[in-house]
>>> print(open('my_file-v4.cif').read())   # mmCIF, C-alpha atoms and all ligand atoms
data_work
#
loop_
_atom_site.label_atom_id
_atom_site.label_comp_id
_atom_site.auth_asym_id
_atom_site.auth_seq_id
_atom_site.Cartn_x
_atom_site.Cartn_y
_atom_site.Cartn_z
CA MET A 77 16.46 31.50 5.90
CA PRO A 78 19.17 28.99 7.01
CA SER A 79 20.74 26.99 4.18
CA THR A 80 19.74 23.38 3.55
CA LEU A 81 21.95 20.68 5.03
CA SER A 82 22.95 18.58 2.03
CA PHE A 83 22.50 14.83 2.00
CA PRO A 84 26.03 13.70 0.98
CA SER A 85 27.39 14.57 4.42
CA TYR A 86 24.86 12.11 5.91
CA ARG A 87 25.45 9.21 3.52
CA ASP A 88 28.41 7.73 5.38
CA LEU A 89 27.12 8.14 8.93
CA ASP A 90 26.83 4.82 10.72
CA ASP A 91 23.45 3.65 11.98
CA ALA A 92 24.37 4.10 15.67
CA THR A 93 25.25 7.77 15.14
CA CYS A 94 22.02 8.28 13.18
CA GLU A 95 20.04 6.62 15.95
CA GLU A 96 21.40 9.00 18.61
CA ARG A 97 20.89 12.10 16.48
CA ILE A 98 17.37 11.07 15.37
CA LEU A 99 16.37 10.80 19.03
CA VAL A 100 17.78 14.28 19.74
CA ALA A 101 16.00 15.78 16.68
CA LYS A 102 12.71 14.13 17.65
CA ARG A 103 12.95 15.58 21.15
CA THR A 104 13.73 19.03 19.76
CA LEU A 105 10.81 18.99 17.30
CA GLY A 106 8.40 17.62 19.94
CA SER A 107 4.72 17.80 19.00
CA ASP A 108 5.53 19.63 15.74
CA LEU A 109 6.60 16.26 14.35
CA LEU A 110 4.70 13.07 13.59
CA ILE A 111 6.61 10.12 12.13
CA LEU A 112 4.40 7.51 10.45
CA GLY A 113 5.95 4.12 9.67
CA HIS A 114 4.59 1.41 7.39
CA HIS A 115 5.04 -2.18 8.58
CA TYR A 116 7.49 -2.94 5.75
CA GLN A 117 10.03 -0.43 6.99
CA ARG A 118 13.39 -1.74 8.11
CA GLU A 119 13.83 -2.01 11.88
CA GLU A 120 16.37 0.85 12.24
CA VAL A 121 13.72 3.24 10.84
CA PHE A 122 10.53 1.56 12.06
CA ARG A 123 11.47 1.99 15.72
CA HIS A 124 11.31 5.78 15.35
CA ALA A 125 7.72 5.82 14.13
CA ASP A 126 5.17 7.46 16.46
CA PHE A 127 2.50 5.37 14.74
CA SER A 128 2.79 2.29 12.58
CA GLY A 129 0.12 0.65 10.49
CA ASP A 130 -1.20 -0.55 7.16
CA SER A 131 -2.17 1.98 4.50
CA LEU A 132 -5.69 2.44 5.90
CA LYS A 133 -4.60 3.01 9.48
CA LEU A 134 -1.84 5.39 8.43
CA SER A 135 -4.26 7.38 6.23
CA ARG A 136 -6.51 7.81 9.25
CA GLN A 137 -3.55 8.88 11.39
CA ALA A 138 -2.52 11.45 8.79
CA ALA A 139 -6.10 12.79 8.59
CA ALA A 140 -6.34 13.06 12.40
CA SER A 141 -2.89 14.55 13.01
CA ARG A 142 -2.34 18.17 14.03
CA ALA A 143 1.47 17.98 13.75
CA ARG A 144 3.19 20.62 11.64
CA TYR A 145 5.38 18.04 9.90
CA ILE A 146 4.28 14.53 8.93
CA VAL A 147 7.37 12.51 8.02
CA PHE A 148 6.21 9.40 6.18
CA CYS A 149 8.49 6.40 6.42
CA GLY A 150 6.84 4.47 3.61
CA VAL A 151 6.49 5.03 -0.13
CA HIS A 152 5.52 7.96 -2.32
CA PHE A 153 1.76 7.32 -2.66
CA MET A 154 1.46 7.12 1.14
CA ALA A 155 3.07 10.54 1.59
CA GLU A 156 0.75 11.92 -1.11
CA VAL A 157 -2.27 10.61 0.80
CA ALA A 158 -0.92 12.22 3.99
CA ASP A 159 -0.61 15.54 2.15
CA ILE A 160 -4.11 15.27 0.66
CA LEU A 161 -5.85 14.32 3.91
CA SER A 162 -3.99 16.69 6.24
CA ARG A 163 -4.65 20.42 6.64
CA PRO A 164 -3.16 22.93 4.17
CA GLU A 165 -0.69 24.25 6.73
CA GLN A 166 0.70 20.78 7.50
CA ILE A 167 3.72 19.53 5.58
CA ALA A 168 4.19 15.93 4.39
CA ILE A 169 7.74 14.69 3.89
CA LEU A 170 9.12 11.52 2.29
CA PRO A 171 12.71 10.98 3.50
CA ASP A 172 13.90 9.59 0.14
CA LEU A 173 12.03 10.79 -2.95
CA SER A 174 13.04 7.67 -4.87
CA ALA A 175 10.91 5.47 -2.57
CA GLY A 176 8.12 4.74 -5.06
CA CYS A 177 5.93 1.66 -5.56
CA SER A 178 6.51 -0.35 -8.73
CA MET A 179 2.90 -1.55 -8.73
CA ALA A 180 1.57 2.02 -8.45
CA ASP A 181 3.71 2.90 -11.48
CA MET A 182 1.91 0.25 -13.58
CA ALA A 183 -1.10 2.54 -14.08
CA ASP A 184 -1.11 6.20 -15.06
CA LEU A 185 -3.70 8.82 -15.92
CA PRO A 186 -3.29 8.84 -19.74
CA ARG A 187 -3.83 5.07 -19.92
CA VAL A 188 -6.74 5.02 -17.46
CA GLU A 189 -8.40 7.82 -19.45
CA GLN A 190 -7.79 5.83 -22.63
CA VAL A 191 -9.55 2.80 -21.09
CA TRP A 192 -12.48 5.03 -20.10
CA ARG A 193 -12.71 6.30 -23.70
CA GLU A 194 -12.56 2.76 -25.06
CA LEU A 195 -15.30 1.67 -22.66
CA ALA A 196 -17.36 4.64 -23.83
CA SER A 197 -17.39 3.11 -27.32
CA LEU A 198 -19.43 0.19 -25.89
CA LEU A 199 -21.36 1.54 -22.91
CA ASN A 200 -21.76 4.68 -20.80
CA PRO A 201 -19.01 4.18 -18.21
CA ASP A 202 -20.18 7.05 -15.99
CA GLU A 203 -23.48 5.22 -15.52
CA VAL A 204 -22.33 1.61 -15.64
CA VAL A 205 -18.75 1.42 -14.25
CA THR A 206 -17.42 2.49 -10.83
CA PRO A 207 -13.68 3.17 -11.03
CA VAL A 208 -11.90 1.82 -7.95
CA THR A 209 -8.24 2.55 -7.42
CA TYR A 210 -6.09 0.72 -4.92
CA ILE A 211 -4.46 3.27 -2.62
CA ASN A 212 -1.16 2.11 -4.17
CA SER A 213 -1.57 4.57 -7.05
CA ALA A 214 -0.71 8.12 -8.02
CA ALA A 215 -2.82 11.02 -6.73
CA THR A 216 -3.91 11.71 -10.33
CA LEU A 217 -5.70 8.34 -10.39
CA LYS A 218 -7.42 9.04 -7.09
CA ALA A 219 -8.51 12.33 -8.63
CA PHE A 220 -9.82 10.44 -11.68
CA CYS A 221 -11.93 8.29 -9.32
CA GLY A 222 -13.12 11.43 -7.54
CA ARG A 223 -14.25 12.96 -10.86
CA HIS A 224 -16.02 9.82 -12.06
CA GLY A 225 -17.97 8.84 -8.93
CA GLY A 226 -15.34 6.30 -7.93
CA ILE A 227 -13.46 5.48 -4.78
CA VAL A 228 -10.12 4.39 -3.29
CA CYS A 229 -9.60 1.08 -1.49
CA THR A 230 -6.87 -0.49 0.59
CA SER A 231 -6.10 -4.13 1.33
CA GLY A 232 -7.87 -3.59 4.66
CA ASN A 233 -11.24 -2.45 3.31
CA ALA A 234 -11.41 -3.78 -0.27
CA ARG A 235 -14.55 -5.85 0.31
CA ALA A 236 -16.57 -3.00 1.83
CA ILE A 237 -15.39 -0.69 -0.94
CA LEU A 238 -16.34 -3.13 -3.71
CA GLU A 239 -19.75 -3.63 -2.11
CA TRP A 240 -20.22 0.14 -2.16
CA ALA A 241 -18.96 0.30 -5.77
CA PHE A 242 -21.55 -2.30 -6.88
CA SER A 243 -24.30 -0.51 -4.98
CA GLU A 244 -23.58 2.49 -7.24
CA ARG A 245 -23.08 0.85 -10.65
CA LYS A 246 -23.15 -2.60 -12.27
CA LYS A 247 -19.46 -2.96 -13.07
CA VAL A 248 -16.10 -2.04 -11.56
CA LEU A 249 -12.86 -0.98 -13.24
CA PHE A 250 -10.21 -1.94 -10.67
CA PHE A 251 -6.62 -0.69 -10.89
CA PRO A 252 -3.70 -1.19 -10.64
CA ASP A 253 -3.53 -4.54 -8.74
CA GLN A 254 -5.38 -7.36 -10.47
CA HIS A 255 -4.77 -9.73 -7.54
CA LEU A 256 -6.40 -7.62 -4.84
CA GLY A 257 -9.38 -7.10 -7.16
CA ARG A 258 -9.72 -10.79 -8.07
CA ASN A 259 -9.15 -12.15 -4.55
CA THR A 260 -11.68 -9.74 -3.08
CA GLY A 261 -14.27 -10.23 -5.84
CA PHE A 262 -14.05 -14.02 -5.53
CA ARG A 263 -14.63 -13.86 -1.77
CA MET A 264 -17.76 -11.83 -2.52
CA GLY A 265 -19.02 -14.65 -4.73
CA ILE A 266 -18.15 -13.25 -8.16
CA PRO A 267 -17.12 -16.09 -10.50
CA LEU A 268 -13.63 -15.94 -11.97
CA ASP A 269 -14.91 -15.67 -15.55
CA GLU A 270 -16.77 -12.48 -14.64
CA MET A 271 -13.48 -10.85 -13.54
CA VAL A 272 -11.35 -10.32 -16.63
CA VAL A 273 -7.89 -8.86 -17.04
CA TRP A 274 -7.70 -5.64 -19.05
CA ASP A 275 -4.31 -5.26 -20.72
CA PRO A 276 -3.86 -1.49 -21.19
CA GLU A 277 -1.31 -2.12 -23.95
CA LEU A 278 -3.95 -3.73 -26.19
CA PRO A 279 -7.02 -2.26 -27.90
CA LEU A 280 -10.09 -2.85 -25.72
CA GLY A 281 -7.76 -4.43 -23.19
CA GLY A 282 -7.33 -7.46 -25.45
CA LEU A 283 -10.97 -8.43 -24.81
CA ASP A 284 -13.94 -8.86 -27.11
CA GLU A 285 -17.14 -6.88 -26.71
CA ALA A 286 -19.19 -9.81 -25.36
CA THR A 287 -16.60 -10.49 -22.62
CA ILE A 288 -16.60 -6.82 -21.58
CA GLN A 289 -20.41 -6.70 -21.52
CA ARG A 290 -20.55 -9.85 -19.36
CA ALA A 291 -17.72 -8.89 -16.96
CA ARG A 292 -18.49 -7.57 -13.48
CA ILE A 293 -14.90 -6.52 -12.70
CA LEU A 294 -12.35 -5.31 -15.24
CA LEU A 295 -8.95 -5.93 -13.62
CA TRP A 296 -6.04 -3.75 -14.69
CA LYS A 297 -3.04 -5.90 -15.59
CA GLY A 298 -0.88 -4.81 -12.65
CA PHE A 299 0.80 -6.68 -9.81
CA CYS A 300 3.27 -6.35 -6.96
CA SER A 301 6.61 -7.91 -7.84
CA VAL A 302 7.33 -8.59 -4.16
CA HIS A 303 4.14 -10.64 -3.63
CA GLN A 304 4.60 -12.43 -6.97
CA VAL A 305 7.48 -14.47 -5.51
CA PHE A 306 5.09 -16.47 -3.29
CA ARG A 307 3.80 -19.61 -4.99
CA ALA A 308 1.31 -22.36 -4.24
CA GLU A 309 4.06 -24.99 -4.04
CA HIS A 310 5.72 -23.08 -1.18
CA ILE A 311 2.52 -23.64 0.79
CA ASP A 312 2.27 -27.32 -0.25
CA ASN A 313 5.89 -27.96 0.83
CA PHE A 314 5.37 -26.25 4.15
CA ARG A 315 2.13 -28.09 4.92
CA ALA A 316 3.85 -31.42 4.09
CA ARG A 317 6.48 -30.63 6.75
CA TYR A 318 4.14 -29.05 9.31
CA PRO A 319 0.56 -30.31 8.79
CA GLU A 320 -0.70 -28.43 11.87
CA ALA A 321 0.69 -25.04 10.76
CA LYS A 322 -1.39 -22.11 9.50
CA VAL A 323 -0.82 -20.03 6.40
CA ILE A 324 -1.60 -16.31 6.11
CA SER A 325 -1.13 -14.11 3.04
CA HIS A 326 -1.53 -10.57 1.81
CA PRO A 327 -4.24 -10.14 -0.88
CA GLU A 328 -1.62 -8.88 -3.36
CA CYS A 329 -0.53 -12.54 -3.62
CA SER A 330 -1.81 -14.63 -6.53
CA PHE A 331 -5.25 -16.22 -6.51
CA GLU A 332 -3.73 -19.71 -6.04
CA VAL A 333 -1.70 -18.60 -2.99
CA CYS A 334 -4.72 -16.88 -1.41
CA GLN A 335 -6.93 -19.91 -2.07
CA LYS A 336 -4.46 -22.16 -0.28
CA SER A 337 -4.09 -19.80 2.69
CA ASP A 338 -6.06 -20.11 5.94
CA ALA A 339 -6.35 -16.35 6.20
CA VAL A 340 -5.86 -13.40 3.85
CA GLY A 341 -5.66 -9.74 4.80
CA SER A 342 -3.76 -6.48 5.12
CA THR A 343 -0.48 -6.15 6.97
CA GLU A 344 -2.35 -4.94 10.06
CA TYR A 345 -4.68 -7.96 9.87
CA ILE A 346 -1.71 -10.33 9.49
CA ILE A 347 -0.05 -8.87 12.59
CA ARG A 348 -3.26 -9.00 14.66
CA THR A 349 -4.05 -12.57 13.61
CA ILE A 350 -0.59 -13.87 14.50
CA GLN A 351 -0.44 -11.90 17.75
CA ASN A 352 -3.84 -13.32 18.77
CA SER A 353 -2.89 -16.91 17.92
CA PRO A 354 -2.15 -19.29 20.80
CA PRO A 355 1.42 -19.62 22.16
CA GLY A 356 3.37 -22.25 20.27
CA SER A 357 1.57 -21.69 16.95
CA ARG A 358 3.44 -22.03 13.68
CA TRP A 359 2.71 -19.75 10.69
CA LEU A 360 3.79 -19.41 7.10
CA VAL A 361 3.45 -15.78 6.05
CA GLY A 362 3.17 -14.45 2.49
CA THR A 363 4.15 -10.82 2.76
CA GLU A 364 7.21 -8.57 2.80
CA LEU A 365 10.35 -9.78 4.57
CA ASN A 366 10.90 -6.95 7.08
CA LEU A 367 7.44 -7.47 8.54
CA VAL A 368 7.80 -11.25 8.66
CA GLN A 369 11.18 -10.95 10.39
CA ARG A 370 9.65 -8.63 12.99
CA LEU A 371 6.79 -11.06 13.58
CA HIS A 372 9.31 -13.89 13.88
CA GLU A 373 11.27 -12.07 16.58
CA GLN A 374 8.14 -10.95 18.46
CA GLY A 375 6.85 -14.53 18.44
CA ILE A 376 9.93 -16.16 19.97
CA PRO A 377 9.05 -15.42 23.66
CA GLN A 378 5.65 -17.15 23.19
CA GLY A 379 7.18 -20.11 21.38
CA LYS A 380 5.63 -19.01 18.06
CA ASP A 381 7.41 -20.10 14.93
CA ILE A 382 6.93 -17.64 12.06
CA HIS A 383 8.27 -18.48 8.58
CA PHE A 384 8.67 -16.41 5.42
CA MET A 385 6.78 -18.02 2.52
CA SER A 386 9.47 -17.98 -0.16
CA PRO A 387 12.89 -19.68 -0.03
CA GLU A 388 14.21 -16.48 -1.72
CA GLN A 389 14.73 -13.54 0.63
CA CYS A 390 12.74 -10.86 -1.16
CA MET A 391 12.00 -7.44 0.30
CA CYS A 392 10.37 -4.32 -1.06
CA SER A 393 13.42 -2.48 -2.39
CA THR A 394 11.64 0.88 -2.52
CA MET A 395 10.42 0.70 1.09
CA TYR A 396 14.06 -0.14 1.92
CA ARG A 397 15.25 3.15 0.45
CA ILE A 398 14.09 4.91 3.61
CA ASP A 399 17.16 4.52 5.77
CA PRO A 400 18.26 6.13 9.05
CA GLN A 401 20.59 8.46 7.12
CA HIS A 402 17.73 9.97 5.06
CA LEU A 403 15.44 10.15 8.09
CA LEU A 404 18.09 12.00 10.09
CA TRP A 405 18.82 14.34 7.19
CA CYS A 406 15.14 15.36 6.98
CA LEU A 407 14.78 15.80 10.72
CA GLU A 408 17.94 17.87 11.21
CA ASN A 409 16.84 20.12 8.35
CA LEU A 410 13.51 20.63 10.12
CA VAL A 411 15.38 21.47 13.33
CA ALA A 412 17.38 24.01 11.28
CA GLY A 413 14.13 25.49 9.98
CA ARG A 414 14.32 23.99 6.45
CA VAL A 415 11.97 21.53 4.77
CA VAL A 416 13.49 18.98 2.41
CA ASN A 417 11.64 16.34 0.36
CA ARG A 418 8.22 17.87 0.77
CA ILE A 419 5.43 15.99 -1.01
CA GLN A 420 2.86 18.48 -2.23
CA VAL A 421 0.03 17.36 -4.49
CA PRO A 422 -1.13 20.20 -6.81
CA HIS A 423 -4.30 21.82 -5.48
CA THR A 424 -6.79 20.75 -8.19
CA ILE A 425 -5.58 17.13 -8.16
CA ALA A 426 -5.62 17.06 -4.35
CA GLU A 427 -9.18 18.37 -4.22
CA GLU A 428 -10.59 15.66 -6.52
CA ALA A 429 -8.44 12.95 -4.92
CA ARG A 430 -9.79 14.01 -1.52
CA TRP A 431 -13.35 13.19 -2.66
CA SER A 432 -12.46 9.59 -3.43
CA LEU A 433 -10.32 9.21 -0.30
CA ARG A 434 -12.98 10.71 1.98
CA ARG A 435 -15.59 8.45 0.37
CA MET A 436 -13.30 5.54 1.24
CA LEU A 437 -12.93 6.63 4.88
CA GLU A 438 -16.72 6.99 5.18
CA VAL A 439 -17.42 3.55 3.69
CA SER A 440 -14.60 1.72 5.56
CA PRO A 441 -15.67 -0.35 8.54
P1 LIG B 501 -1.14 -2.70 3.54
O1 LIG B 501 -2.08 -1.58 3.36
O2 LIG B 501 -1.80 -4.03 3.79
O3 LIG B 501 -0.12 -2.39 4.60
O4 LIG B 501 -0.36 -2.92 2.18
C1 LIG B 501 0.42 -1.94 1.56
C2 LIG B 501 1.31 -2.50 0.57
O5 LIG B 501 1.94 -1.80 -0.18
C3 LIG B 501 1.41 -3.93 0.48
O6 LIG B 501 2.33 -4.28 -0.51
FE1 LIG B 502 4.41 -1.45 -3.80
FE2 LIG B 502 4.68 -4.10 -3.63
FE3 LIG B 502 6.36 -2.50 -2.30
FE4 LIG B 502 3.80 -2.73 -1.52
S1 LIG B 502 5.37 -4.33 -1.50
S2 LIG B 502 4.96 -0.82 -1.70
S3 LIG B 502 2.79 -2.95 -3.52
S4 LIG B 502 6.14 -2.66 -4.54
#
>>> encode(input="my_file-v4.cif", output="structure tokens")
Amino acid sequence: MPSTLSFPSYRDLDDATCEERILVAKRTLGSDLLILGHHYQREEVFRHADFSGDSLKLSRQAAASRARYIVFCGVHFMAEVADILSRPEQIAILPDLSAGCSMADMADLPRVEQVWRELASLLNPDEVVTPVTYINSAATLKAFCGRHGGIVCTSGNARAILEWAFSERKKVLFFPDQHLGRNTGFRMGIPLDEMVVWDPELPLGGLDEATIQRARILLWKGFCSVHQVFRAEHIDNFRARYPEAKVISHPECSFEVCQKSDAVGSTEYIIRTIQNSPPGSRWLVGTELNLVQRLHEQGIPQGKDIHFMSPEQCMCSTMYRIDPQHLLWCLENLVAGRVVNRIQVPHTIAEEARWSLRRMLEVSP
């Protein structure tokens, strides 16, 4: 077996050299290779993706792919989903193993199991509560949902998934992103006081029994630090300058930001909405910087004016860890017959996680 090419020799390569060699490696690997790229990837990496998309679209691509190697330019949970939904002989790779998701890290199996036990002191959770995990979570939490009759959701299907969850049981435990849960529940007509935040650091989530009994959605106290930077006053200031402009946000933004937005949806929805808007339109966009910059550049030929919502330039630092140097390193190892940075979910976890992911794909519009 040829020896692994080590990363340090790639670290100092300039982007132009990486670009040329990535193209050569892609040609050599041909149909054995599928590169998936999330919309938040930096341009130098994004342009090499065979398919781009939001988490839902990329999950479907991974499930449909026959490629031997699926290189995921995104974050860790996305590569886990690719591994779980692909065939056993396919190999999922994350070019930099440190590309995690800080929101996904806000919930873990021991604490979710602890919440389930605490709920069991008041009601029978397996009859009353559907656990719903945002796809931005570890495979162990997807497996937990699989075991307990629950489901996975993404920002692109959260409403359909919550409707399914309520058709099964009276209440939902939603983790880890409180904002996606609250914004979606409110659009379904659930009053704010029936969606309560469960703080996993406190006994019974910091709630009293009556509040838990009345609640329809228990929202895990998690959030995305990138989408937290967008604030309602950014929208007010923008509308004061450009009263005709439109505002669009990702549902990981706060309730106030989503309420003040004209449209709310996944990254794929944001792209489609702006691309379908008339030439000359002006938009304020509340999502990650790399995507907004791409939309800005794509809009210029049609006279579209696309603005980033926050005055601070804030990008997802973990998505940014996937750079051309790491991508090239993985690809040239594959050309040399070696796999580096494989993401392999242990069999028993993958099996249970697959139940909740497949349920999601069946229920998704
Ligand atoms: P999308 O599924 O909308 O692309 O969102 C993924 C994500 O991590 C947003 O922060
Ligand atoms: Fe996670 Fe937020 Fe980055 Fe999305 S933008 S991958 S939720 S940290």
>>> residues_near_point(input="my_file-v4.cif", point="(5.1, -14.2, 3.4)", cutoff="8 Å", atoms="all atoms listed in the file", output="PDB file with C-alpha atoms, in the coordinates of the input")
ATOM      1  CA  HIS A 303       4.140 -10.640  -3.630  1.00  0.00           C
ATOM      2  CA  PHE A 306       5.090 -16.470  -3.290  1.00  0.00           C
ATOM      3  CA  ILE A 324      -1.600 -16.310   6.110  1.00  0.00           C
ATOM      4  CA  SER A 325      -1.130 -14.110   3.040  1.00  0.00           C
ATOM      5  CA  HIS A 326      -1.530 -10.570   1.810  1.00  0.00           C
ATOM      6  CA  LEU A 360       3.790 -19.410   7.100  1.00  0.00           C
ATOM      7  CA  VAL A 361       3.450 -15.780   6.050  1.00  0.00           C
ATOM      8  CA  GLY A 362       3.170 -14.450   2.490  1.00  0.00           C
ATOM      9  CA  THR A 363       4.150 -10.820   2.760  1.00  0.00           C
ATOM     10  CA  GLU A 364       7.210  -8.570   2.800  1.00  0.00           C
ATOM     11  CA  LEU A 365      10.350  -9.780   4.570  1.00  0.00           C
ATOM     12  CA  VAL A 368       7.800 -11.250   8.660  1.00  0.00           C
ATOM     13  CA  HIS A 383       8.270 -18.480   8.580  1.00  0.00           C
ATOM     14  CA  PHE A 384       8.670 -16.410   5.420  1.00  0.00           C
ATOM     15  CA  MET A 385       6.780 -18.020   2.520  1.00  0.00           C
ATOM     16  CA  SER A 386       9.470 -17.980  -0.160  1.00  0.00           C
TER      17      SER A 386
END
>>> closest_residue(input="my_file-v4.cif", among="A:Met436, A:Cys392, A:Leu283, A:Ile167", to="ligand LIG 502 (chain B)", atoms="all atoms listed in the file")
A:Cys392
>>> closest_atom_pairs(input="my_file-v4.cif", of="chain A", to="ligand LIG 502 (chain B)", cutoff="8 Å", atoms="only C-alpha atoms and all ligand atoms", output="CSV")
residue,atom,partner,partner_atom,distance
A:Tyr116,CA,B:LIG502,S1,7.7
A:Gly150,CA,B:LIG502,S2,7.7
A:Val151,CA,B:LIG502,S2,6.2
A:Gly176,CA,B:LIG502,S2,7.2
A:Cys177,CA,B:LIG502,FE1,3.9
A:Ser178,CA,B:LIG502,S4,4.8
A:Met179,CA,B:LIG502,FE1,5.2
A:Ala180,CA,B:LIG502,FE1,6.5
A:Asn212,CA,B:LIG502,S3,6.5
A:Phe299,CA,B:LIG502,S3,7.6
A:Cys300,CA,B:LIG502,FE2,4.3
A:Ser301,CA,B:LIG502,FE2,6.0
A:Val302,CA,B:LIG502,FE2,5.2
A:His303,CA,B:LIG502,FE2,6.6
A:Glu328,CA,B:LIG502,S3,7.4
A:Thr363,CA,B:LIG502,S1,7.9
A:Glu364,CA,B:LIG502,S1,6.3
A:Met391,CA,B:LIG502,S1,7.5
A:Cys392,CA,B:LIG502,FE3,4.6
A:Ser393,CA,B:LIG502,FE3,7.1
A:Thr394,CA,B:LIG502,FE3,6.3
A:Met395,CA,B:LIG502,FE3,6.2
>>> atom_distance(input="my_file-v4.cif", atom1="CA of Met154 (chain A)", atom2="CA of Glu95 (chain A)")
23.8 Å
>>> axis_aligned_box(input="my_file-v4.cif", around="ligand LIG 501 (chain B)", padding_each_side="8 Å", output="JSON")
{"center_x": 0.1, "center_y": -2.9, "center_z": 2.0, "size_x": 20.4, "size_y": 18.7, "size_z": 21.1}
>>> closest_atom_pairs(input="my_file-v4.cif", of="chain A", to="ligand LIG 501 (chain B)", cutoff="6 Å", atoms="all atoms listed in the file", output="tab-separated table")
residue	atom	partner	partner_atom	distance
A:Asp130	CA	B:LIG501	O3	3.3
A:Ser131	CA	B:LIG501	O1	3.7
A:Leu132	CA	B:LIG501	O1	6.0
A:Thr230	CA	B:LIG501	O1	5.6
A:Ser231	CA	B:LIG501	O2	5.0
A:Ser342	CA	B:LIG501	O2	3.4
A:Thr343	CA	B:LIG501	O2	4.0
>>> closest_residue(input="my_file-v4.cif", among="A:Leu367, A:Val208, A:Ala321, A:Ile376", to="Leu295 (chain A)", atoms="only C-alpha atoms")
A:Val208
>>> closest_atom_pairs(input="my_file-v4.cif", of="region 93-157 of chain A", to="region 399-404 of chain A", cutoff="8 Å", atoms="only C-alpha atoms", output="Markdown table")
| residue | atom | partner | partner_atom | distance |
| --- | --- | --- | --- | --- |
| A:Cys94 | CA | A:Pro400 | CA | 6.0 |
| A:Glu95 | CA | A:Pro400 | CA | 7.1 |
| A:Arg97 | CA | A:Leu404 | CA | 7.0 |
| A:Ile98 | CA | A:Leu404 | CA | 5.4 |
| A:Ala101 | CA | A:Leu404 | CA | 7.9 |
| A:Arg118 | CA | A:Asp399 | CA | 7.7 |
| A:Glu120 | CA | A:Pro400 | CA | 6.5 |
| A:Val121 | CA | A:Pro400 | CA | 5.7 |
